[in-house]
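Data file: start_7.csv. Format and content: CSV, C-alpha atoms.
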chain,number,residue,atom,x,y,z
W,1,MET,CA,-19.3,12.6,-0.5
W,2,ASN,CA,-17.4,15.6,-1.8
W,3,LYS,CA,-13.9,16.1,-3.1
W,4,TYR,CA,-12.3,19.4,-3.9
W,5,LEU,CA,-9.0,20.0,-5.6
W,6,PHE,CA,-7.5,23.1,-4.2
W,7,THR,CA,-3.9,23.5,-5.5
W,8,PHE,CA,-1.4,22.0,-7.8
W,9,ALA,CA,2.4,21.8,-7.4
W,10,VAL,CA,4.8,22.3,-10.3
W,11,ILE,CA,3.7,19.9,-13.0
W,12,LEU,CA,7.2,18.9,-13.8
W,13,ALA,CA,7.5,17.4,-10.3
W,14,CYS,CA,4.6,15.0,-11.1
W,15,SER,CA,6.7,12.8,-13.2
W,16,MET,CA,9.7,12.8,-10.9
W,17,GLY,CA,10.7,11.5,-7.5
W,18,ALA,CA,10.2,8.2,-5.8
W,19,ALA,CA,7.5,7.5,-3.3
W,20,ALA,CA,8.5,8.6,0.2
W,21,GLN,CA,8.7,5.9,2.9
W,22,THR,CA,6.4,5.9,5.9
W,23,LYS,CA,8.0,4.8,9.2
W,24,ARG,CA,6.3,1.7,10.6
W,25,ILE,CA,5.4,0.8,14.1
W,26,ILE,CA,6.1,-2.6,15.7
W,27,ALA,CA,4.6,-3.9,19.0
W,28,VAL,CA,5.7,-7.0,20.9
W,29,ILE,CA,3.7,-9.1,23.4
W,30,GLY,CA,4.8,-12.2,25.1
W,31,SER,CA,6.9,-13.5,28.0
W,32,SER,CA,10.4,-13.2,29.5
W,33,THR,CA,12.6,-13.9,26.5
W,34,ALA,CA,10.8,-11.2,24.5
W,35,ALA,CA,11.1,-8.9,27.5
W,36,GLY,CA,14.9,-9.4,27.3
W,37,THR,CA,15.7,-11.9,30.0
W,38,GLY,CA,19.1,-13.5,29.4
W,39,ALA,CA,20.6,-10.6,27.4
W,40,ILE,CA,23.3,-8.6,29.2
W,41,PRO,CA,23.1,-5.7,28.6
W,42,ILE,CA,19.4,-5.8,27.6
W,43,SER,CA,20.2,-3.9,24.4
W,44,ASP,CA,21.5,-7.3,23.1
W,45,SER,CA,18.0,-8.9,23.4
W,46,TRP,CA,16.4,-10.0,20.2
W,47,VAL,CA,13.7,-7.3,20.4
W,48,ASN,CA,16.2,-4.5,21.0
W,49,LEU,CA,18.5,-5.9,18.2
W,50,THR,CA,15.5,-5.8,15.9
W,51,GLN,CA,14.7,-2.3,16.9
W,52,ALA,CA,18.3,-1.1,16.3
W,53,TYR,CA,18.4,-2.8,12.9
W,54,TYR,CA,15.2,-1.2,11.6
W,55,GLN,CA,16.1,2.1,13.1
W,56,SER,CA,19.4,2.0,11.2
W,57,LEU,CA,17.4,1.5,8.0
W,58,GLY,CA,15.2,4.5,8.8
W,59,LEU,CA,12.1,2.2,8.8
W,60,ILE,CA,11.0,2.7,12.4
W,61,ASP,CA,11.4,5.0,15.3
W,62,THR,CA,10.8,2.5,18.1
W,63,ILE,CA,9.3,-0.8,19.1
W,64,TYR,CA,6.6,-0.9,21.8
W,65,ASN,CA,7.6,-3.9,23.8
W,66,ILE,CA,5.1,-4.9,26.5
W,67,ALA,CA,6.2,-8.5,26.9
W,68,LEU,CA,6.3,-9.5,30.6
W,69,GLY,CA,8.2,-12.4,32.3
W,70,GLY,CA,6.0,-15.3,33.4
W,71,SER,CA,3.2,-14.5,30.9
W,72,VAL,CA,1.1,-17.2,29.4
W,73,THR,CA,-1.1,-16.9,26.3
W,74,PHE,CA,-4.2,-16.4,28.4
W,75,ALA,CA,-2.8,-13.1,29.6
W,76,GLY,CA,-2.5,-11.9,26.0
W,77,LEU,CA,-6.2,-12.4,25.2
W,78,PRO,CA,-8.4,-9.4,24.5
W,79,SER,CA,-11.0,-10.5,27.1
W,80,TRP,CA,-11.8,-13.1,29.8
W,81,ASP,CA,-11.6,-16.7,28.7
W,82,THR,CA,-15.1,-18.0,29.6
W,83,LEU,CA,-14.1,-21.7,29.7
W,84,SER,CA,-11.1,-21.4,32.0
W,85,GLY,CA,-12.0,-18.2,33.8
W,86,ALA,CA,-8.5,-16.8,33.0
W,87,ALA,CA,-8.3,-13.0,32.8
W,88,PRO,CA,-6.2,-11.0,30.4
W,89,ASP,CA,-3.4,-8.7,31.5
W,90,THR,CA,-4.8,-5.4,30.3
W,91,ALA,CA,-1.4,-3.7,30.6
W,92,HIS,CA,0.3,-6.4,28.4
W,93,ASN,CA,-2.3,-8.0,26.3
W,94,ILE,CA,-3.1,-7.7,22.6
W,95,THR,CA,-5.6,-4.8,23.2
W,96,LYS,CA,-2.9,-2.8,24.8
W,97,ALA,CA,-0.5,-3.6,22.0
W,98,LEU,CA,-3.0,-2.4,19.4
W,99,SER,CA,-3.5,0.8,21.3
W,100,TYR,CA,-0.1,1.9,19.9
W,101,HIS,CA,-1.5,1.6,16.4
W,102,PRO,CA,1.2,-0.7,15.2
W,103,ASP,CA,1.7,-2.0,11.7
W,104,VAL,CA,3.1,-5.3,12.9
W,105,VAL,CA,2.6,-7.2,16.1
W,106,LEU,CA,5.0,-9.9,17.2
W,107,ILE,CA,3.4,-12.5,19.5
W,108,ALA,CA,6.1,-14.3,21.5
W,109,TYR,CA,5.1,-16.8,24.2
W,110,ALA,CA,8.1,-19.1,24.7
W,111,SER,CA,7.3,-22.0,27.1
W,112,ASN,CA,5.2,-20.9,30.1
W,113,ASP,CA,2.0,-22.5,28.9
W,114,VAL,CA,3.6,-25.9,28.9
W,115,VAL,CA,5.1,-25.5,32.3
W,116,ALA,CA,1.6,-24.3,33.6
W,117,ASP,CA,0.1,-27.5,32.2
W,118,PHE,CA,-2.0,-25.9,29.5
W,119,THR,CA,-2.8,-28.2,26.7
W,120,VAL,CA,-1.6,-27.7,23.1
W,121,GLN,CA,-5.2,-27.2,22.2
W,122,GLN,CA,-5.6,-24.4,24.7
W,123,THR,CA,-2.4,-22.6,23.7
W,124,MET,CA,-3.2,-22.8,20.0
W,125,ALA,CA,-6.8,-21.6,20.5
W,126,ASN,CA,-5.4,-18.6,22.4
W,127,LEU,CA,-2.9,-17.8,19.7
W,128,ARG,CA,-5.6,-17.9,17.1
W,129,VAL,CA,-7.7,-15.4,19.0
W,130,ILE,CA,-4.8,-13.1,19.5
W,131,TYR,CA,-3.7,-13.4,15.9
W,132,GLN,CA,-7.2,-12.8,14.6
W,133,GLU,CA,-7.5,-9.7,16.8
W,134,VAL,CA,-4.6,-8.2,15.0
W,135,ILE,CA,-5.9,-9.2,11.5
W,136,ASN,CA,-9.3,-7.7,12.4
W,137,ALA,CA,-7.6,-4.5,13.1
W,138,GLY,CA,-6.1,-4.5,9.6
W,139,LYS,CA,-2.5,-5.2,10.9
W,140,ILE,CA,0.0,-7.9,10.3
W,141,ALA,CA,0.9,-10.4,13.0
W,142,TYR,CA,3.8,-12.8,13.4
W,143,VAL,CA,3.7,-15.7,15.9
W,144,THR,CA,6.9,-17.1,17.3
W,145,THR,CA,7.2,-20.8,18.0
W,146,THR,CA,7.9,-22.2,21.4
W,147,GLN,CA,11.5,-22.4,22.5
W,148,PRO,CA,13.4,-25.4,23.9
W,149,ARG,CA,13.9,-25.4,27.7
W,150,GLY,CA,15.9,-27.4,30.2
W,151,ALA,CA,15.2,-28.6,33.7
W,152,ILE,CA,11.6,-29.7,32.9
W,153,PRO,CA,10.2,-33.2,32.4
W,154,THR,CA,10.8,-34.8,29.1
W,155,ALA,CA,7.1,-35.0,28.4
W,156,GLN,CA,6.9,-31.2,28.7
W,157,LYS,CA,9.9,-30.8,26.3
W,158,GLU,CA,8.1,-33.0,23.8
W,159,ILE,CA,5.0,-30.7,24.1
W,160,LEU,CA,7.2,-27.7,23.4
W,161,ARG,CA,8.3,-29.4,20.2
W,162,THR,CA,4.7,-30.3,19.3
W,163,GLU,CA,3.6,-26.7,19.8
W,164,ARG,CA,6.5,-25.6,17.5
W,165,ASP,CA,5.1,-27.7,14.8
W,166,SER,CA,1.6,-26.5,15.4
W,167,VAL,CA,2.6,-22.9,15.2
W,168,LEU,CA,4.5,-23.5,12.0
W,169,ALA,CA,1.5,-25.3,10.5
W,170,GLU,CA,-1.1,-22.8,11.7
W,171,PHE,CA,0.7,-19.6,10.6
W,172,PRO,CA,3.1,-20.8,7.9
W,173,ALA,CA,3.9,-17.4,6.3
W,174,PHE,CA,3.6,-15.5,9.6
W,175,SER,CA,5.5,-17.6,12.0
W,176,LEU,CA,9.0,-17.2,13.4
W,177,ASN,CA,10.9,-20.4,14.3
W,178,PHE,CA,12.5,-19.7,17.6
W,179,TYR,CA,12.9,-23.4,18.5
W,180,ASN,CA,15.4,-24.8,16.0
W,181,PRO,CA,18.2,-22.2,16.4
W,182,LEU,CA,18.2,-22.8,20.2
W,183,VAL,CA,17.8,-26.6,20.6
W,184,ALA,CA,20.7,-28.8,21.4
W,185,ALA,CA,21.6,-31.3,18.7
W,186,ASP,CA,20.0,-34.7,19.2
W,187,SER,CA,18.1,-33.3,22.2
W,188,LEU,CA,14.9,-31.5,23.3
W,189,SER,CA,16.8,-29.1,25.6
W,190,LEU,CA,18.1,-25.6,25.3
W,191,ASN,CA,21.6,-25.7,23.9
W,192,PRO,CA,24.0,-25.1,26.9
W,193,THR,CA,26.3,-22.9,24.8
W,194,LEU,CA,23.3,-20.6,24.1
W,195,ALA,CA,21.8,-20.7,27.6
W,196,TYR,CA,21.8,-17.9,30.1
W,197,ASP,CA,20.0,-20.3,32.5
W,198,SER,CA,17.8,-23.4,31.9
W,199,THR,CA,15.0,-21.3,30.5
W,200,HIS,CA,16.4,-18.3,28.7
W,201,PRO,CA,19.0,-17.8,25.9
W,202,ASN,CA,22.1,-15.8,26.5
W,203,ASN,CA,23.4,-13.0,24.2
W,204,ALA,CA,24.4,-15.5,21.5
W,205,GLY,CA,21.0,-17.1,21.7
W,206,HIS,CA,19.3,-13.7,21.4
W,207,GLN,CA,21.4,-12.9,18.4
W,208,LEU,CA,20.2,-16.1,16.7
W,209,LEU,CA,16.5,-15.1,17.4
W,210,PHE,CA,17.2,-11.6,16.0
W,211,GLN,CA,18.6,-13.3,12.8
W,212,VAL,CA,15.3,-15.2,12.4
W,213,VAL,CA,13.3,-11.9,12.6
W,214,LYS,CA,15.8,-10.2,10.2
W,215,ASN,CA,15.7,-13.0,7.7
W,216,THR,CA,11.9,-13.1,7.7
W,217,ASP,CA,12.0,-9.4,6.9
W,218,ILE,CA,8.8,-8.7,8.9
W,219,LEU,CA,8.4,-5.3,7.2
W,220,SER,CA,8.6,-6.6,3.7
W,221,ALA,CA,4.8,-6.5,3.5
W,222,PHE,CA,5.1,-2.7,3.4
W,223,PRO,CA,6.8,-1.7,0.2
W,224,LEU,CA,7.0,1.9,-0.8
W,225,ALA,CA,3.7,3.5,-1.7
W,226,LEU,CA,2.5,7.0,-2.7
W,227,SER,CA,2.5,8.9,0.5
W,228,THR,CA,0.2,11.5,1.9
W,229,ASP,CA,0.9,14.4,4.1
W,230,HIS,CA,-1.0,16.6,6.5
W,231,PHE,CA,-4.0,14.3,7.0
W,232,THR,CA,-6.4,16.1,9.3
W,233,ALA,CA,-9.9,15.7,10.7
W,234,THR,CA,-11.8,18.7,11.8
W,235,MET,CA,-15.2,18.7,13.6
W,236,GLU,CA,-17.6,21.1,11.9
W,237,PRO,CA,-21.0,22.0,13.2
W,238,GLN,CA,-22.6,19.0,11.4
W,239,ASP,CA,-19.8,17.1,9.6
W,240,VAL,CA,-16.2,15.9,10.1
W,241,LEU,CA,-14.0,17.4,7.4
W,242,LEU,CA,-11.1,15.3,6.4
W,243,GLN,CA,-8.2,16.8,4.4
W,244,TRP,CA,-5.0,15.5,3.0
W,245,THR,CA,-2.3,16.2,0.3
W,246,ALA,CA,-0.8,13.8,-2.2
W,247,GLU,CA,2.9,14.2,-2.1
W,248,GLU,CA,3.7,12.3,-5.4
W,249,ALA,CA,2.1,11.9,-8.7
W,250,GLY,CA,0.5,8.7,-10.1
W,251,ALA,CA,-2.7,6.7,-10.1
W,252,VAL,CA,-3.9,6.2,-6.6
W,253,LEU,CA,-6.8,4.7,-4.6
W,254,PHE,CA,-7.7,6.4,-1.3
W,255,ASP,CA,-9.8,4.6,1.2
W,256,ILE,CA,-11.2,6.7,4.1
W,257,GLN,CA,-11.4,4.7,7.3
W,258,ARG,CA,-13.0,5.4,10.6
W,259,SER,CA,-12.8,3.7,14.0
W,260,GLN,CA,-14.6,4.2,17.4
W,261,ASP,CA,-11.7,2.7,19.4
W,262,GLY,CA,-8.6,3.3,17.2
W,263,ILE,CA,-8.2,-0.5,16.9
W,264,SER,CA,-11.0,-1.8,14.6
W,265,TRP,CA,-11.4,0.1,11.3
W,266,ALA,CA,-14.2,0.3,8.8
W,267,ASP,CA,-14.2,1.8,5.3
W,268,LEU,CA,-16.3,5.0,5.0
W,269,GLY,CA,-15.6,6.0,1.4
W,270,GLN,CA,-13.2,5.9,-1.5
W,271,GLU,CA,-11.5,8.2,-3.9
W,272,ASN,CA,-10.0,6.6,-7.1
W,273,GLU,CA,-7.7,9.0,-8.9
W,274,ALA,CA,-6.2,7.9,-12.3
W,275,LEU,CA,-4.4,11.2,-12.9
W,276,ASN,CA,-3.3,12.3,-9.4
W,277,LEU,CA,-0.9,15.2,-9.4
W,278,SER,CA,1.8,15.9,-6.9
W,279,GLY,CA,0.7,18.5,-4.3
W,280,THR,CA,-3.0,18.0,-4.9
W,281,GLN,CA,-5.1,18.7,-1.9
W,282,TYR,CA,-8.2,16.6,-1.2
W,283,SER,CA,-11.1,16.8,1.2
W,284,TRP,CA,-13.9,14.4,2.1
W,285,LYS,CA,-16.8,14.9,4.6
W,286,ASP,CA,-18.2,12.4,7.0
W,287,ALA,CA,-21.8,13.4,7.0
W,288,ASP,CA,-22.8,10.9,9.7
W,289,PRO,CA,-20.1,11.2,12.4
W,290,LEU,CA,-20.2,9.1,15.5
W,291,PRO,CA,-20.9,10.6,18.9
W,292,GLY,CA,-17.9,10.9,21.2
W,293,THR,CA,-14.4,10.4,20.0
W,294,SER,CA,-13.8,9.1,16.4
W,295,TYR,CA,-10.6,8.1,14.8
W,296,TYR,CA,-9.8,8.5,11.1
W,297,ARG,CA,-7.0,7.4,8.8
W,298,LEU,CA,-6.3,7.2,5.1
W,299,LYS,CA,-5.4,4.0,3.4
W,300,THR,CA,-3.4,4.7,0.2
W,301,SER,CA,-3.0,2.0,-2.5
W,302,VAL,CA,-0.7,2.3,-5.5
W,303,ALA,CA,-0.1,-0.6,-7.8
W,304,GLY,CA,-1.0,-3.0,-5.1
W,305,ASN,CA,1.3,-1.3,-2.5
W,306,VAL,CA,-0.5,0.0,0.6
W,307,SER,CA,0.4,2.6,3.2
W,308,PHE,CA,-1.6,4.3,6.0
W,309,SER,CA,-1.6,7.9,7.1
W,310,ALA,CA,-1.2,9.0,10.7
W,311,VAL,CA,-4.4,8.7,12.8
W,312,ALA,CA,-6.5,11.8,13.3
W,313,ALA,CA,-9.1,12.0,16.1
W,314,VAL,CA,-12.1,14.3,16.7
W,315,LEU,CA,-14.4,14.7,19.6
W,316,ARG,CA,-18.1,15.1,18.9
W,317,PRO,CA,-19.9,16.1,22.1
W,318,VAL,CA,-22.7,13.7,23.0
W,319,PRO,CA,-26.0,15.7,22.9
W,320,ASP,CA,-28.7,15.5,25.5
W,321,PHE,CA,-31.2,14.5,22.9
W,322,ALA,CA,-31.3,11.5,20.5
W,323,ILE,CA,-33.2,10.0,17.5
W,324,ALA,CA,-34.8,7.0,19.2
W,325,ASN,CA,-36.3,5.6,16.0
W,326,VAL,CA,-36.9,6.4,12.4
W,327,TYR,CA,-39.4,4.5,10.2
W,328,MET,CA,-41.5,4.9,7.1
W,329,PRO,CA,-45.2,3.8,7.1
W,330,GLN,CA,-46.5,2.0,4.1
W,331,GLY,CA,-46.5,4.3,1.0
W,332,GLY,CA,-43.2,6.0,1.7
W,333,SER,CA,-44.5,9.5,1.7
W,334,MET,CA,-43.9,10.2,5.4
W,335,LEU,CA,-40.9,9.7,7.7
W,336,VAL,CA,-41.9,9.2,11.3
W,337,VAL,CA,-39.2,10.2,13.8
W,338,ASP,CA,-39.2,9.4,17.6
W,339,ILE,CA,-37.2,12.0,19.5
W,340,GLN,CA,-35.9,11.8,23.0
W,341,SER,CA,-34.9,15.1,24.7
W,342,ALA,CA,-33.9,16.1,28.2
W,343,VAL,CA,-35.6,19.5,28.0
W,344,ASN,CA,-38.3,21.1,25.9
W,345,ARG,CA,-36.6,22.7,22.9
W,346,THR,CA,-36.8,23.8,19.3
W,347,LEU,CA,-35.2,21.4,16.7
W,348,SER,CA,-34.2,22.0,13.1
W,349,MET,CA,-34.8,18.8,11.1
W,350,SER,CA,-33.0,18.5,7.8
W,351,VAL,CA,-33.1,15.8,5.1
W,352,VAL,CA,-29.7,15.6,3.3
W,353,ASP,CA,-28.9,13.6,0.2
W,354,VAL,CA,-25.7,11.6,-0.3
W,355,ASN,CA,-23.9,14.6,-1.9
W,356,GLY,CA,-24.5,16.7,1.2
W,357,ALA,CA,-27.3,18.9,-0.3
W,358,VAL,CA,-30.2,19.8,2.0
W,359,VAL,CA,-33.3,18.8,0.2
W,360,SER,CA,-35.8,19.8,3.0
W,361,ARG,CA,-35.8,21.5,6.3
W,362,GLN,CA,-38.4,21.8,9.1
W,363,VAL,CA,-38.4,23.6,12.5
W,364,VAL,CA,-40.3,21.7,15.2
W,365,SER,CA,-40.9,21.8,18.9
W,366,ALA,CA,-39.8,18.8,20.9
W,367,ALA,CA,-41.2,18.0,24.3
W,368,THR,CA,-39.5,16.1,27.1
W,369,PRO,CA,-39.0,13.3,27.6
W,370,SER,CA,-40.0,12.1,24.1
W,371,CYS,CA,-42.2,13.0,21.1
W,372,THR,CA,-43.0,11.8,17.6
W,373,ILE,CA,-42.6,14.0,14.6
W,374,ASP,CA,-43.9,13.4,11.0
W,375,LEU,CA,-41.8,14.7,8.1
W,376,SER,CA,-43.1,14.8,4.6
W,377,LEU,CA,-41.1,13.0,1.9
W,378,SER,CA,-43.4,13.9,-0.9
W,379,GLY,CA,-41.6,14.5,-4.1
W,380,LEU,CA,-38.4,12.9,-2.8
W,381,ALA,CA,-36.7,10.5,-5.2
W,382,ARG,CA,-35.9,7.0,-4.1
W,383,GLY,CA,-32.5,6.5,-2.5
W,384,MET,CA,-30.3,6.9,0.6
W,385,TYR,CA,-30.7,10.1,2.7
W,386,PHE,CA,-29.6,11.4,6.1
W,387,LEU,CA,-31.9,12.9,8.7
W,388,ARG,CA,-30.0,15.6,10.6
W,389,VAL,CA,-31.5,17.0,13.8
W,390,SER,CA,-29.8,20.0,15.4
W,391,THR,CA,-30.4,22.4,18.3
W,392,SER,CA,-29.7,26.1,18.7
W,393,GLU,CA,-27.1,25.1,21.2
W,394,GLY,CA,-25.0,23.3,18.5
W,395,GLY,CA,-26.0,19.7,19.3
W,396,VAL,CA,-26.4,17.5,16.2
W,397,VAL,CA,-27.6,13.9,15.7
W,398,THR,CA,-27.8,12.1,12.4
W,399,ARG,CA,-29.6,9.0,11.2
W,400,ARG,CA,-29.5,7.3,7.7
W,401,PHE,CA,-32.7,6.2,6.1
W,402,LEU,CA,-33.7,4.7,2.7
W,403,LYS,CA,-36.6,6.3,0.7
W,404,LEU,CA,-38.4,3.6,-1.1

So that I can check it, write out the structure of this file as structure tokens.
Amino acid sequence: MNKYLFTFAVILACSMGAAAQTKRIIAVIGSSTAAGTGAIPISDSWVNLTQAYYQSLGLIDTIYNIALGGSVTFAGLPSWDTLSGAAPDTAHNITKALSYHPDVVLIAYASNDVVADFTVQQTMANLRVIYQEVINAGKIAYVTTTQPRGAIPTAQKEILRTERDSVLAEFPAFSLNFYNPLVAADSLSLNPTLAYDSTHPNNAGHQLLFQVVKNTDILSAFPLALSTDHFTATMEPQDVLLQWTAEEAGAVLFDIQRSQDGISWADLGQENEALNLSGTQYSWKDADPLPGTSYYRLKTSVAGNVSFSAVAAVLRPVPDFAIANVYMPQGGSMLVVDIQSAVNRTLSMSVVDVNGAVVSRQVVSAATPSCTIDLSLSGLARGMYFLRVSTSEGGVVTRRFLKL
């Protein structure tokens, strides 16, 4: 891991200026009410009212709304449900929603599960899976309750109320109560004065649902934080170089994160700066990049406030050779490397320490389809190292190993 400070801005600016705001991204999945049914024009739907509200505050540019009429919670799952055999809707499910890299996901399935005779247990299990998928991606999720409905049996109306209670109990701080504002007094049905039809709210009903979202302040989890600018990832011959600039001064913690799919993220490294200066430029190298496309982002923490940079992607060509296995026989003085190669070729094999310094290098001949090569570790201190194997054509593969 290496960090280099390249430039400094005017020192006076370090003690001035508030943290800049990063615009957030919201995604919505669910069924017809979330899609806008009942609102005329559709700009009066609760999702579009939410979008207009946060746009007016300068907090978002748009909401990615992939809700679809008739959807049930099974359609929102990330994969097939093995017990029921139900398939997700890959154009409208949680995986699709997360592909927009949202900060917040709203999960809004109003009543179709009940009408389709799915049990409360099935619906809640699906909502847990969808919600957890968002949390695993490092995002925030809000789950709406069911909504009251008319023209269905009383038993199903009672289940809608039960599911409301279940959602409120399961996701207490991250639920949106869409049931109470719409239900008729002393009834289990949709209030006729708020009804577009027996299933969907009208404009007045959508306005009430928007007020629930607004009052919950779904973006309150993203206070201002020290922002970063110009976060880039560049593929070098052997590493990925990450670079960014701190726009404001102050103590800051940078977490470098990487993802293979742009959805699930893992921490790679960390930079903790007690005396960060405005305009300071940083760099960090990923010495063990993934083959194929990798996504990188920067998590910035200041006084408990967290923000994320834009996502940067790099493509590392998949080589036609690979390190099949690395192991160390008893004694730890030799590293045995099994190489697979599509052609006979010459390989450069380097041992690199955690600071990026090459501590040994050996040129060997590799035969197709596989061969075994012994590398001496004599005199090498204990610790973590990287074996980097490269070809004259520019292909590189890397493998971590521990010297005992």

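Take atom CA of W:Gly356 and atom CA of W:Met334: the distance between them is 20.9 Å.
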
Counting only C-alpha atoms, the option among W:Ala324, W:Val389, W:Ala39, W:Val314 closest to W:Arg345: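 Using only C-alpha atoms, the shortest distance to W:Arg345 belongs to W:Val389.
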
Please list as a list of chain:residue names every residue within 7 Å of W:Leu209, counting all atoms listed in the file and excluding residues in the same chain fewer than 4 positions away.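 What passes the distance filter is W:Trp46, W:Phe178, W:Gly205, W:Val213.
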
Limited to C-alpha atoms, could you put the picked residues into a file as a PDB file, in the frame of the given file?
ATOM      1  CA  TRP W  46      16.400 -10.000  20.200  1.00  0.00           C
ATOM      2  CA  PHE W 178      12.500 -19.700  17.600  1.00  0.00           C
ATOM      3  CA  GLY W 205      21.000 -17.100  21.700  1.00  0.00           C
ATOM      4  CA  VAL W 213      13.300 -11.900  12.600  1.00  0.00           C
TER       5      VAL W 213
END

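If you look at atom CA of W:Thr232 and atom CA of W:Ala251, they are 21.9 Å away from each other.
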
Atom CA of W:Ser309 and atom CA of W:Asp267, how far apart in Å? 14.1 Å

Residues at most 10 Å from W:Ser341, counting all atoms listed in the file, excluding those fewer than 6 positions away in the same chain, as a list in words? Pro319, Asp320, Phe321, Ala322, Ile323, Ala324, Ala366, Ala367, Thr368, Pro369, Ser370 and Cys371 of chain W

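Minimum distance to W:Asp103 across W:Leu377, W:Leu59, W:Leu315, W:Val120 (counting only C-alpha atoms) occurs at W:Leu59.
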
Which residue is closest to W:Gln122? Choose from W:Ala141, W:Leu194, W:Ile40, W:Val72 and count only C-alpha atoms.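 Using only C-alpha atoms, the shortest distance to W:Gln122 belongs to W:Val72.
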
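Here the question is which of W:Pro88, W:Gly30, W:Pro181, W:Gly262 gets nearest to W:Tyr64 using all atoms listed in the file, and that residue is W:Gly30.
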